[in-house]
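Structure below is structure.cif: mmCIF, C-alpha atoms and all ligand atoms.
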data_final
#
loop_
_atom_site.label_atom_id
_atom_site.label_comp_id
_atom_site.auth_asym_id
_atom_site.auth_seq_id
_atom_site.Cartn_x
_atom_site.Cartn_y
_atom_site.Cartn_z
CA MET A 1 -15.51 -19.64 0.89
CA GLY A 2 -12.35 -20.80 -0.85
CA ARG A 3 -8.72 -20.29 -0.09
CA PRO A 4 -7.35 -16.89 -1.06
CA ARG A 5 -6.37 -16.71 -4.66
CA ARG A 6 -3.04 -15.40 -5.76
CA ALA A 7 -3.28 -12.47 -8.12
CA GLU A 8 -1.58 -13.32 -11.38
CA PRO A 9 0.22 -10.75 -13.50
CA SER A 10 -2.21 -9.01 -15.77
CA THR A 11 -2.58 -10.46 -19.22
CA SER A 12 -5.83 -8.75 -20.14
CA GLY A 13 -6.23 -5.73 -22.40
CA GLU A 14 -6.78 -2.39 -20.69
CA PRO A 15 -10.27 -1.14 -21.35
CA ASP A 16 -10.50 2.62 -21.48
CA GLN A 17 -13.62 4.62 -20.73
CA SER A 18 -14.91 4.36 -24.28
CA GLY A 19 -15.54 0.62 -24.28
CA PRO A 20 -13.99 -2.69 -25.20
CA VAL A 21 -11.73 -1.57 -28.02
CA ALA A 22 -8.49 -3.44 -28.66
CA ALA A 23 -5.51 -2.15 -26.66
CA PRO A 24 -2.91 -0.29 -28.73
CA LYS A 25 0.03 -2.34 -29.92
CA HIS A 26 2.56 -0.92 -27.45
CA ARG A 27 0.21 -1.67 -24.56
CA ARG A 28 -0.36 -5.24 -25.79
CA ALA A 29 3.41 -5.63 -25.93
CA HIS A 30 3.62 -4.42 -22.33
CA HIS A 31 1.06 -7.00 -21.17
CA GLU A 32 3.00 -9.65 -22.99
CA GLU A 33 6.12 -8.50 -21.17
CA VAL A 34 4.34 -8.86 -17.83
CA ARG A 35 3.12 -12.32 -18.78
CA ARG A 36 6.60 -13.46 -19.75
CA MET A 37 8.22 -12.04 -16.63
CA PRO A 38 10.63 -14.60 -15.12
CA ALA A 39 9.17 -16.40 -12.16
CA ALA A 40 11.81 -14.85 -9.88
CA HIS A 41 10.29 -11.43 -10.54
CA ARG A 42 6.72 -12.46 -9.95
CA PRO A 43 5.14 -12.29 -6.52
CA PRO A 44 5.17 -15.48 -4.50
CA ARG A 45 2.04 -17.12 -3.17
CA LEU A 46 1.28 -14.74 -0.35
CA PHE A 47 -0.35 -16.93 2.27
CA ASP A 48 0.27 -20.33 3.76
CA VAL A 49 -1.36 -19.57 7.10
CA ARG A 50 -0.47 -22.05 9.83
CA GLU A 51 -1.08 -20.04 13.01
CA ILE A 52 -3.80 -17.56 13.88
CA TYR A 53 -3.33 -15.63 17.13
CA ALA A 54 -6.74 -14.42 18.20
CA GLU A 55 -8.32 -12.35 20.93
CA PRO A 56 -11.35 -14.45 22.02
CA ALA A 57 -13.96 -11.82 21.09
CA ALA A 58 -12.31 -11.25 17.74
CA ALA A 59 -12.33 -14.97 16.96
CA ALA A 60 -16.01 -15.22 17.86
CA SER A 61 -17.08 -12.25 15.72
CA PRO A 62 -18.51 -12.70 12.20
CA ARG A 63 -15.35 -11.23 10.62
CA GLY A 64 -13.12 -13.39 12.81
CA ARG A 65 -15.10 -16.48 11.83
CA GLN A 66 -14.70 -15.51 8.17
CA VAL A 67 -10.91 -15.47 8.52
CA LEU A 68 -10.84 -18.72 10.52
CA ALA A 69 -12.99 -20.41 7.86
CA ARG A 70 -10.64 -19.22 5.15
CA PHE A 71 -7.70 -20.98 6.80
CA PRO A 72 -9.33 -24.09 8.30
CA ASP A 73 -6.03 -25.94 8.84
CA ALA A 74 -4.39 -23.17 10.86
CA ARG A 75 -3.70 -23.68 14.58
CA VAL A 76 -5.62 -21.08 16.61
CA VAL A 77 -3.80 -19.62 19.63
CA GLU A 78 -5.80 -17.52 22.06
CA VAL A 79 -4.08 -14.27 23.13
CA PRO A 80 -5.26 -11.60 25.59
CA SER A 81 -4.33 -8.73 23.26
CA HIS A 82 -3.12 -8.37 19.69
CA TRP A 83 -0.54 -5.92 21.05
CA ARG A 84 1.07 -8.42 23.39
CA ILE A 85 2.30 -11.51 21.59
CA PRO A 86 5.92 -11.64 22.79
CA HIS A 87 6.63 -14.83 20.88
CA LEU A 88 5.76 -12.90 17.69
CA HIS A 89 6.52 -9.21 18.08
CA GLY A 90 9.34 -9.11 20.59
CA ASN A 91 11.39 -12.01 19.36
CA ALA A 92 14.70 -11.11 17.75
CA GLY A 93 15.03 -14.76 16.68
CA ASN A 94 12.20 -14.14 14.24
CA VAL A 95 14.34 -11.94 11.99
CA GLU A 96 15.58 -14.88 9.98
CA ARG A 97 12.00 -16.05 9.44
CA TRP A 98 10.86 -12.53 8.39
CA ALA A 99 9.03 -13.40 5.16
CA ARG A 100 7.82 -16.79 6.37
CA ILE A 101 6.08 -15.23 9.37
CA LYS A 102 4.29 -12.85 7.05
CA SER A 103 2.88 -15.76 5.07
CA GLU A 104 2.26 -18.19 7.92
CA VAL A 105 0.76 -16.00 10.67
CA VAL A 106 -2.40 -13.90 10.93
CA VAL A 107 -3.61 -12.11 14.06
CA LEU A 108 -7.22 -11.31 14.95
CA GLY A 109 -7.94 -8.41 17.27
CA GLU A 110 -10.37 -5.60 17.94
CA LYS A 111 -9.67 -1.94 17.32
CA LYS A 112 -10.29 -0.44 20.73
CA SER A 113 -9.97 3.30 20.29
CA LEU A 114 -11.69 4.74 17.26
CA ALA A 115 -10.54 8.12 16.03
CA ALA A 116 -9.95 9.83 12.68
CA ARG A 117 -6.69 11.75 12.94
CA PRO A 118 -6.30 14.98 10.98
CA ASN A 119 -3.53 14.66 8.39
CA GLY A 120 -3.69 17.29 5.64
CA ARG A 121 -0.95 15.87 3.43
CA SER A 122 -2.00 12.73 1.58
CA ALA A 123 -5.48 12.70 3.11
CA ASP A 124 -7.57 15.03 5.23
CA PHE A 125 -7.93 12.32 7.87
CA ILE A 126 -6.36 9.00 8.76
CA ALA A 127 -9.26 6.61 9.33
CA PRO A 128 -9.19 4.17 12.24
CA SER A 129 -7.27 1.14 10.99
CA SER A 130 -9.14 -1.90 9.79
CA ALA A 131 -5.82 -3.82 9.99
CA ASN A 132 -2.21 -3.29 10.83
CA GLY A 133 0.83 -5.17 9.67
CA CYS A 134 1.34 -6.51 6.18
CA ALA A 135 2.05 -9.73 4.32
CA LEU A 136 4.32 -7.89 1.91
CA ALA A 137 7.87 -7.14 3.03
CA CYS A 138 9.13 -3.84 1.65
CA ALA A 139 12.54 -3.34 3.20
CA TYR A 140 11.93 0.35 4.03
CA CYS A 141 8.46 -0.19 5.53
CA TYR A 142 7.81 1.66 8.76
CA VAL A 143 4.88 -0.60 9.67
CA PRO A 144 7.04 -3.22 11.47
CA ARG A 145 8.39 -0.45 13.66
CA ARG A 146 5.03 -0.22 15.39
CA LYS A 147 4.77 -3.73 16.77
CA GLY A 148 8.28 -5.00 16.21
CA TYR A 149 9.87 -7.51 13.91
CA ALA A 150 8.02 -9.07 10.99
CA ASN A 151 4.58 -7.80 12.05
CA PRO A 152 2.22 -9.96 10.00
CA ILE A 153 -1.35 -8.82 9.33
CA THR A 154 -3.57 -8.12 12.31
CA VAL A 155 -7.18 -8.01 11.09
CA PHE A 156 -9.45 -5.80 13.18
CA THR A 157 -12.67 -7.73 13.28
CA ASN A 158 -14.98 -5.00 14.61
CA ILE A 159 -15.30 -3.48 11.14
CA ASP A 160 -18.97 -2.62 11.77
CA ARG A 161 -17.95 -0.26 14.58
CA ILE A 162 -15.20 1.24 12.40
CA VAL A 163 -17.66 1.92 9.56
CA ALA A 164 -20.27 3.33 11.98
CA TYR A 165 -17.64 5.64 13.49
CA LEU A 166 -16.62 6.84 10.03
CA ALA A 167 -20.25 7.45 9.04
CA GLY A 168 -20.63 9.79 12.03
CA HIS A 169 -17.30 11.51 11.37
CA VAL A 170 -18.15 12.11 7.70
CA ARG A 171 -21.58 13.44 8.68
CA ARG A 172 -20.09 15.88 11.20
CA GLN A 173 -17.70 17.37 8.61
CA GLY A 174 -20.52 18.51 6.33
CA ARG A 175 -19.48 19.66 2.86
CA LYS A 176 -15.89 20.58 2.09
CA ARG A 177 -15.99 24.28 1.35
CA GLU A 178 -12.42 24.92 0.20
CA PRO A 179 -10.32 22.76 -2.13
CA ASP A 180 -7.08 21.52 -0.59
CA GLN A 181 -4.15 19.41 -1.76
CA CYS A 182 -6.00 16.24 -0.78
CA ASP A 183 -9.05 16.80 -2.99
CA PRO A 184 -11.02 19.73 -4.42
CA THR A 185 -14.40 18.69 -3.01
CA ALA A 186 -14.27 15.51 -0.91
CA TRP A 187 -12.95 14.86 2.58
CA VAL A 188 -10.31 12.21 1.97
CA TYR A 189 -9.83 9.42 4.52
CA ASP A 190 -6.72 7.24 4.31
CA ILE A 191 -7.94 3.72 5.11
CA GLY A 192 -4.53 2.03 4.79
CA GLU A 193 -1.99 3.82 6.93
CA ASN A 194 -0.55 0.70 8.54
CA ASN A 195 -1.53 -1.99 6.06
CA ASP A 196 -2.06 -2.71 2.38
CA CYS A 197 -5.82 -2.87 1.76
CA SER A 198 -5.40 -4.89 -1.47
CA VAL A 199 -3.61 -7.61 0.47
CA ASP A 200 -6.08 -7.49 3.37
CA ALA A 201 -8.83 -8.14 0.82
CA LEU A 202 -7.29 -11.55 0.11
CA ILE A 203 -8.17 -12.74 3.59
CA CYS A 204 -11.37 -10.95 4.58
CA ASP A 205 -13.99 -8.40 3.53
CA ASN A 206 -12.78 -5.40 5.59
CA THR A 207 -11.58 -3.54 2.49
CA ALA A 208 -14.80 -4.41 0.63
CA ASP A 209 -16.91 -3.14 3.53
CA LEU A 210 -15.05 0.18 3.54
CA VAL A 211 -15.25 0.65 -0.24
CA ARG A 212 -18.98 -0.09 -0.16
CA ALA A 213 -19.53 2.30 2.75
CA PHE A 214 -17.75 5.22 1.07
CA ARG A 215 -19.82 4.60 -2.05
CA HIS A 216 -22.77 6.11 -0.14
CA TRP A 217 -20.96 9.16 1.27
CA PRO A 218 -20.94 11.84 -1.44
CA THR A 219 -18.88 14.29 0.63
CA ALA A 220 -16.06 11.85 1.37
CA LYS A 221 -13.59 9.60 -0.37
CA ALA A 222 -11.52 6.62 0.82
CA SER A 223 -7.88 6.45 -0.23
CA PHE A 224 -5.20 3.81 0.08
CA ALA A 225 -1.76 3.12 -1.34
CA THR A 226 -0.97 -0.34 -2.61
CA LYS A 227 1.81 -2.45 -4.08
CA TRP A 228 -0.36 -5.46 -4.75
CA VAL A 229 -2.67 -5.86 -7.74
CA ASN A 230 -5.75 -7.59 -6.41
CA ARG A 231 -8.19 -7.87 -9.29
CA ASP A 232 -10.97 -9.01 -6.95
CA LEU A 233 -11.27 -5.33 -6.00
CA LEU A 234 -12.49 -4.57 -9.54
CA ALA A 235 -15.87 -6.05 -8.60
CA LEU A 236 -16.54 -3.72 -5.66
CA ASP A 237 -18.20 -0.88 -7.63
CA PRO A 238 -16.68 2.07 -5.73
CA ARG A 239 -18.49 4.66 -7.88
CA GLY A 240 -15.60 7.08 -7.74
CA ARG A 241 -15.55 7.28 -3.94
CA THR A 242 -12.32 5.31 -3.45
CA ARG A 243 -8.92 6.50 -4.61
CA ILE A 244 -6.41 3.71 -5.16
CA ARG A 245 -2.80 4.89 -5.23
CA PHE A 246 -0.44 2.51 -6.98
CA SER A 247 3.02 2.97 -5.50
CA LEU A 248 5.73 3.02 -8.14
CA MET A 249 9.50 3.12 -8.25
CA PRO A 250 11.97 2.05 -10.94
CA PRO A 251 11.63 -1.73 -11.39
CA ALA A 252 15.33 -2.30 -10.67
CA ASP A 253 14.89 -0.76 -7.19
CA ALA A 254 11.58 -2.51 -6.61
CA ARG A 255 13.06 -5.93 -7.32
CA LEU A 256 15.47 -5.39 -4.46
CA LEU A 257 13.32 -3.39 -2.03
CA ASP A 258 9.64 -4.24 -2.65
CA VAL A 259 9.86 -7.81 -1.43
CA ARG A 260 6.76 -9.99 -2.12
CA THR A 261 4.90 -7.25 -4.01
CA SER A 262 3.34 -7.24 -7.48
CA PRO A 263 5.97 -6.21 -10.06
CA VAL A 264 5.92 -2.53 -11.01
CA PRO A 265 4.92 -3.21 -14.66
CA GLU A 266 1.88 -5.11 -13.39
CA ARG A 267 0.87 -2.15 -11.20
CA VAL A 268 1.12 0.22 -14.18
CA ALA A 269 -0.80 -2.23 -16.37
CA ALA A 270 -3.64 -2.42 -13.83
CA ALA A 271 -4.33 1.32 -13.65
CA GLY A 272 -6.70 1.42 -16.63
CA ASP A 273 -8.74 -1.51 -15.38
CA PHE A 274 -9.17 0.06 -11.93
CA LEU A 275 -10.28 3.36 -13.44
CA ALA A 276 -12.78 1.56 -15.67
CA ALA A 277 -14.10 -0.26 -12.59
CA GLY A 278 -14.94 3.03 -10.86
CA TYR A 279 -11.84 3.86 -8.82
CA GLU A 280 -10.00 7.13 -8.92
CA VAL A 281 -6.42 6.12 -9.76
CA HIS A 282 -3.46 8.07 -8.45
CA PHE A 283 0.21 7.18 -8.05
CA ASN A 284 2.65 7.31 -5.19
CA LEU A 285 6.15 7.87 -6.48
CA SER A 286 7.67 6.37 -3.41
CA PRO A 287 9.95 5.97 -1.83
CA VAL A 288 12.44 7.85 -3.97
CA VAL A 289 15.80 6.25 -3.25
CA LEU A 290 18.88 8.23 -4.22
CA ARG A 291 21.68 6.25 -5.81
CA GLU A 292 23.94 6.61 -8.78
CA GLY A 293 21.82 6.76 -11.92
CA TRP A 294 18.47 7.27 -10.16
CA GLN A 295 17.50 10.07 -12.54
CA ALA A 296 17.81 7.89 -15.65
CA ASP A 297 15.74 5.09 -14.14
CA TRP A 298 12.97 7.43 -12.94
CA ALA A 299 12.92 9.07 -16.38
CA ASP A 300 12.51 5.63 -17.91
CA LEU A 301 9.64 4.78 -15.57
CA LEU A 302 7.88 8.07 -16.35
CA ARG A 303 8.31 7.49 -20.09
CA ARG A 304 6.81 4.03 -19.72
CA MET A 305 3.85 5.47 -17.82
CA ASP A 306 3.40 8.05 -20.58
CA ASP A 307 3.51 5.34 -23.26
CA LEU A 308 1.32 2.80 -21.54
CA LEU A 309 -1.36 4.53 -19.51
CA PRO A 310 -4.71 5.14 -21.19
CA ALA A 311 -5.66 8.77 -21.78
CA ALA A 312 -8.51 8.46 -19.29
CA VAL A 313 -6.06 7.53 -16.49
CA LYS A 314 -3.80 10.44 -17.34
CA ALA A 315 -6.72 12.87 -17.35
CA GLN A 316 -7.49 12.26 -13.66
CA ALA A 317 -4.11 11.14 -12.29
CA ALA A 318 -2.15 12.90 -9.58
CA ALA A 319 0.96 11.85 -7.69
CA GLU A 320 2.51 12.03 -4.28
CA ILE A 321 6.28 12.04 -4.09
CA ILE A 322 7.78 10.65 -0.91
CA MET A 323 11.53 10.64 -0.41
CA LEU A 324 12.98 7.72 1.54
CA THR A 325 13.16 7.93 5.29
CA HIS A 326 14.79 5.15 7.24
CA ASN A 327 15.43 4.21 10.82
CA GLN A 328 18.40 2.95 12.83
CA GLU A 329 16.51 0.06 14.43
CA LEU A 330 15.01 -1.08 11.14
CA HIS A 331 18.46 -0.89 9.57
CA GLN A 332 19.81 -3.25 12.23
CA VAL A 333 16.90 -5.65 11.79
CA ASN A 334 17.17 -5.61 7.99
CA LEU A 335 20.83 -6.57 8.21
CA GLY A 336 19.55 -9.84 9.67
CA TRP A 337 17.27 -10.79 6.77
CA HIS A 338 17.97 -8.60 3.73
CA PRO A 339 21.39 -6.94 3.99
CA ARG A 340 21.62 -6.12 0.27
CA ALA A 341 18.68 -3.74 0.62
CA GLU A 342 20.65 -1.79 3.19
CA ASP A 343 23.31 -0.94 0.61
CA LEU A 344 20.65 1.26 -0.99
CA LEU A 345 18.71 2.35 2.08
CA TRP A 346 21.41 3.12 4.64
CA ARG A 347 23.60 5.90 3.26
CA PRO A 348 25.00 7.84 6.25
CA GLY A 349 26.98 10.10 3.91
CA LEU A 350 23.75 11.32 2.34
CA GLN A 351 21.44 11.23 5.34
CA GLU A 352 20.81 13.15 8.55
CA ALA A 353 18.98 12.17 11.72
CA LYS A 354 15.57 13.55 12.51
CA ARG A 355 13.45 13.02 15.60
CA SER A 356 9.98 11.84 14.50
CA GLY A 357 6.66 12.77 16.10
CA ASN A 358 6.65 9.56 18.20
CA GLY A 359 10.14 10.23 19.54
CA ALA A 360 12.04 7.72 17.38
CA TRP A 361 15.22 8.75 15.58
CA ASN A 362 14.76 8.44 11.83
CA VAL A 363 17.11 9.36 9.03
CA ARG A 364 16.28 11.27 5.86
CA TYR A 365 18.33 12.72 3.04
CA ARG A 366 20.17 15.90 4.02
CA ALA A 367 17.96 18.92 3.50
CA GLY A 368 19.87 20.45 0.58
CA LEU A 369 20.28 17.13 -1.17
CA LYS A 370 16.61 16.30 -0.72
CA ALA A 371 15.43 19.66 -2.06
CA GLY A 372 17.69 19.31 -5.11
CA ALA A 373 16.49 15.76 -5.80
CA LEU A 374 12.85 16.79 -5.52
CA ALA A 375 13.42 19.61 -7.99
CA GLU A 376 15.13 17.15 -10.36
CA LEU A 377 12.26 14.68 -10.11
CA ARG A 378 9.69 17.41 -10.74
CA GLY A 379 11.72 18.35 -13.82
CA LEU A 380 11.67 14.75 -15.04
CA ILE A 381 7.90 14.62 -14.59
CA ALA A 382 7.48 17.86 -16.52
CA ALA A 383 9.64 16.47 -19.33
CA HIS A 384 8.31 12.92 -19.59
CA ALA A 385 4.83 12.83 -17.99
CA PRO A 386 3.59 16.43 -18.03
CA TRP A 387 0.00 15.28 -17.43
CA LEU A 388 1.00 14.00 -13.95
CA ARG A 389 0.03 16.64 -11.42
CA VAL A 390 2.09 16.45 -8.23
CA ARG A 391 -0.36 16.63 -5.36
CA TYR A 392 2.38 16.91 -2.80
CA ALA A 393 6.06 16.14 -2.35
CA PHE A 394 7.53 15.26 0.97
S1 LIG B 1 3.02 -2.71 1.07
FE1 LIG B 1 3.14 -0.96 2.46
S2 LIG B 1 2.55 -1.81 4.48
FE2 LIG B 1 3.10 -3.54 3.16
S3 LIG B 1 5.28 -3.94 3.56
FE3 LIG B 1 5.16 -2.57 1.77
S4 LIG B 1 5.32 -0.48 2.62
FE4 LIG B 1 4.79 -1.87 4.31
#

Give the structure from this file in structure tokens form.
Amino acid sequence: MGRPRRAEPSTSGEPDQSGPVAAPKHRRAHHEEVRRMPAAHRPPRLFDVREIYAEPAAAASPRGRQVLARFPDARVVEVPSHWRIPHLHGNAGNVERWARIKSEVVVLGEKKSLAARPNGRSADFIAPSSANGCALACAYCYVPRRKGYANPITVFTNIDRIVAYLAGHVRRQGRKREPDQCDPTAWVYDIGENNDCSVDALICDNTADLVRAFRHWPTAKASFATKWVNRDLLALDPRGRTRIRFSLMPPADARLLDVRTSPVPERVAAAGDFLAAGYEVHFNLSPVVLREGWQADWADLLRRMDDLLPAAVKAQAAAEIIMLTHNQELHQVNLGWHPRAEDLLWRPGLQEAKRSGNGAWNVRYRAGLKAGALAELRGLIAAHAPWLRVRYAF
């Protein structure tokens, strides 16, 4: 088992469903653009793991041993619970080391309570997490809110129990009788609510195990959003039972906000390859950040998608639109490590407070402003990418 490989920007042609024909000229030019991207815009090496905090049972499990073997030089620190690592999660001094912690620390724990939560928006159910936390560092990410501060990846090592629970849950649902906004025929399970499954797959086989499991469940489908192009996933043979949702925003915003992620052009360039490998490929247009000139940049992104995506991707694509929400505490924390992002994210003149389901005070764009922006974005889609069905907007 080698060290995790860094995914390089795509330089390959994009096979469409009809076979290995040469990519059209404009698409070849796009790949060339990705290849020539300045190093500052390419993702950094994601992992340089030096410390692994581990619950004893998690470290002793086969999945835990897989992670430990992948980072043989890391110092292993035993912890009673992945939820209680004060040095890591409760330490305000860690703000300055935000991105470094994400690359240098991994946590191993066990998922104790297994439940599939009804959702009904992006997915029918939220699957029990196979990980939480993330090695990427999107400035608007709500995932750090759960554990506090940088929140590096916690791998849940009892993946066998998670898969067995899902098998029973899928079986109990029976066939889906009515189409809904999640899918016309399959029960959709979001497997990446608090993590990025493409990144998790760089350090262990949890994502692979889930993709392989869903392959055998004809009434269900896995779904996850990602901002990382991990071409190792192309080998997993999902047979149409996993939906990968590439999250997109105008590249100028992403360069500021999507810290450590694959560049947006690389995500667009990968869509055809993932479809050809057996994934359903959707897009998350998210988060939509309102600023001067946002309409022109979103129109440009949609035109690029229209130019570059293979017809086969367009024929099955759908999109979720998610307007930015933000949070007072995260705003304060971000000021400590990435204050420029807050110029875009924290706009009190445009935003209003909203109490979330877990009691926290979040902010979102004022209702009238948000409704108008959503209508504008739908209009841009209709004008520039009319093949892109909007599955839901939020
Ligand atoms: S990829 Fe997703 S989970 Fe990871 S930091 Fe970005 S928003 Fe958060």

Could you check which of A:Asn94, A:Ser262, A:Asn158, A:Ser356 is closest to Leu114 (chain A), using only C-alpha atoms?
-> A:Asn158

With a distance cut-off of 12 Å and all atoms listed in the file, select the neighbouring residues of Arg366 (chain A), excluding the residue or stretch itself and same-chain residues fewer than 3 positions from it, and output the selection as a PyMOL selection string.
-> chain A and resi 290+323-325+347-354+363+369-373

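Going from CA of Leu234 (chain A) to CA of Phe71 (chain A) covers 23.6 Å.
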
Counting all atoms listed in the file, give me one row per residue of chain A with an atom at most 9 Å from an atom of ligand LIG 1 (chain B), showing the shortest contact pair and its distance in Å to one decimal, sorted by chain then residue number, as a tab-separated table.
residue	atom	partner	partner_atom	distance
A:Asn132	CA	B:LIG1	S2	8.1
A:Gly133	CA	B:LIG1	S2	6.4
A:Cys134	CA	B:LIG1	FE2	4.6
A:Ala135	CA	B:LIG1	FE2	6.4
A:Leu136	CA	B:LIG1	S3	4.4
A:Ala137	CA	B:LIG1	S3	4.2
A:Cys138	CA	B:LIG1	FE3	4.2
A:Ala139	CA	B:LIG1	S3	7.3
A:Tyr140	CA	B:LIG1	S4	6.8
A:Cys141	CA	B:LIG1	FE4	4.2
A:Tyr142	CA	B:LIG1	FE4	6.4
A:Val143	CA	B:LIG1	FE4	5.5
A:Pro144	CA	B:LIG1	FE4	7.6
A:Gly192	CA	B:LIG1	S2	8.1
A:Glu193	CA	B:LIG1	S2	7.6
A:Asn194	CA	B:LIG1	S2	5.7
A:Asn195	CA	B:LIG1	S2	4.4
A:Asp196	CA	B:LIG1	S2	5.1
A:Cys197	CA	B:LIG1	S2	8.9
A:Val199	CA	B:LIG1	S1	8.3
A:Ala225	CA	B:LIG1	FE1	7.4
A:Thr226	CA	B:LIG1	S1	5.9
A:Lys227	CA	B:LIG1	S1	5.3
A:Trp228	CA	B:LIG1	S1	7.3
A:Ser247	CA	B:LIG1	S1	8.7
A:Asp258	CA	B:LIG1	FE3	6.5
A:Val259	CA	B:LIG1	FE3	7.7
A:Arg260	CA	B:LIG1	S3	8.4
A:Thr261	CA	B:LIG1	S1	7.1

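In this model, the gap between CA of Asn230 (chain A) and CA of Asp200 (chain A) comes to 9.8 Å.
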
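If you measure from each of A:Gly272, A:Pro62, A:Pro250, A:Pro56 to Arg303 (chain A) using only C-alpha atoms, the closest one turns out to be A:Pro250.
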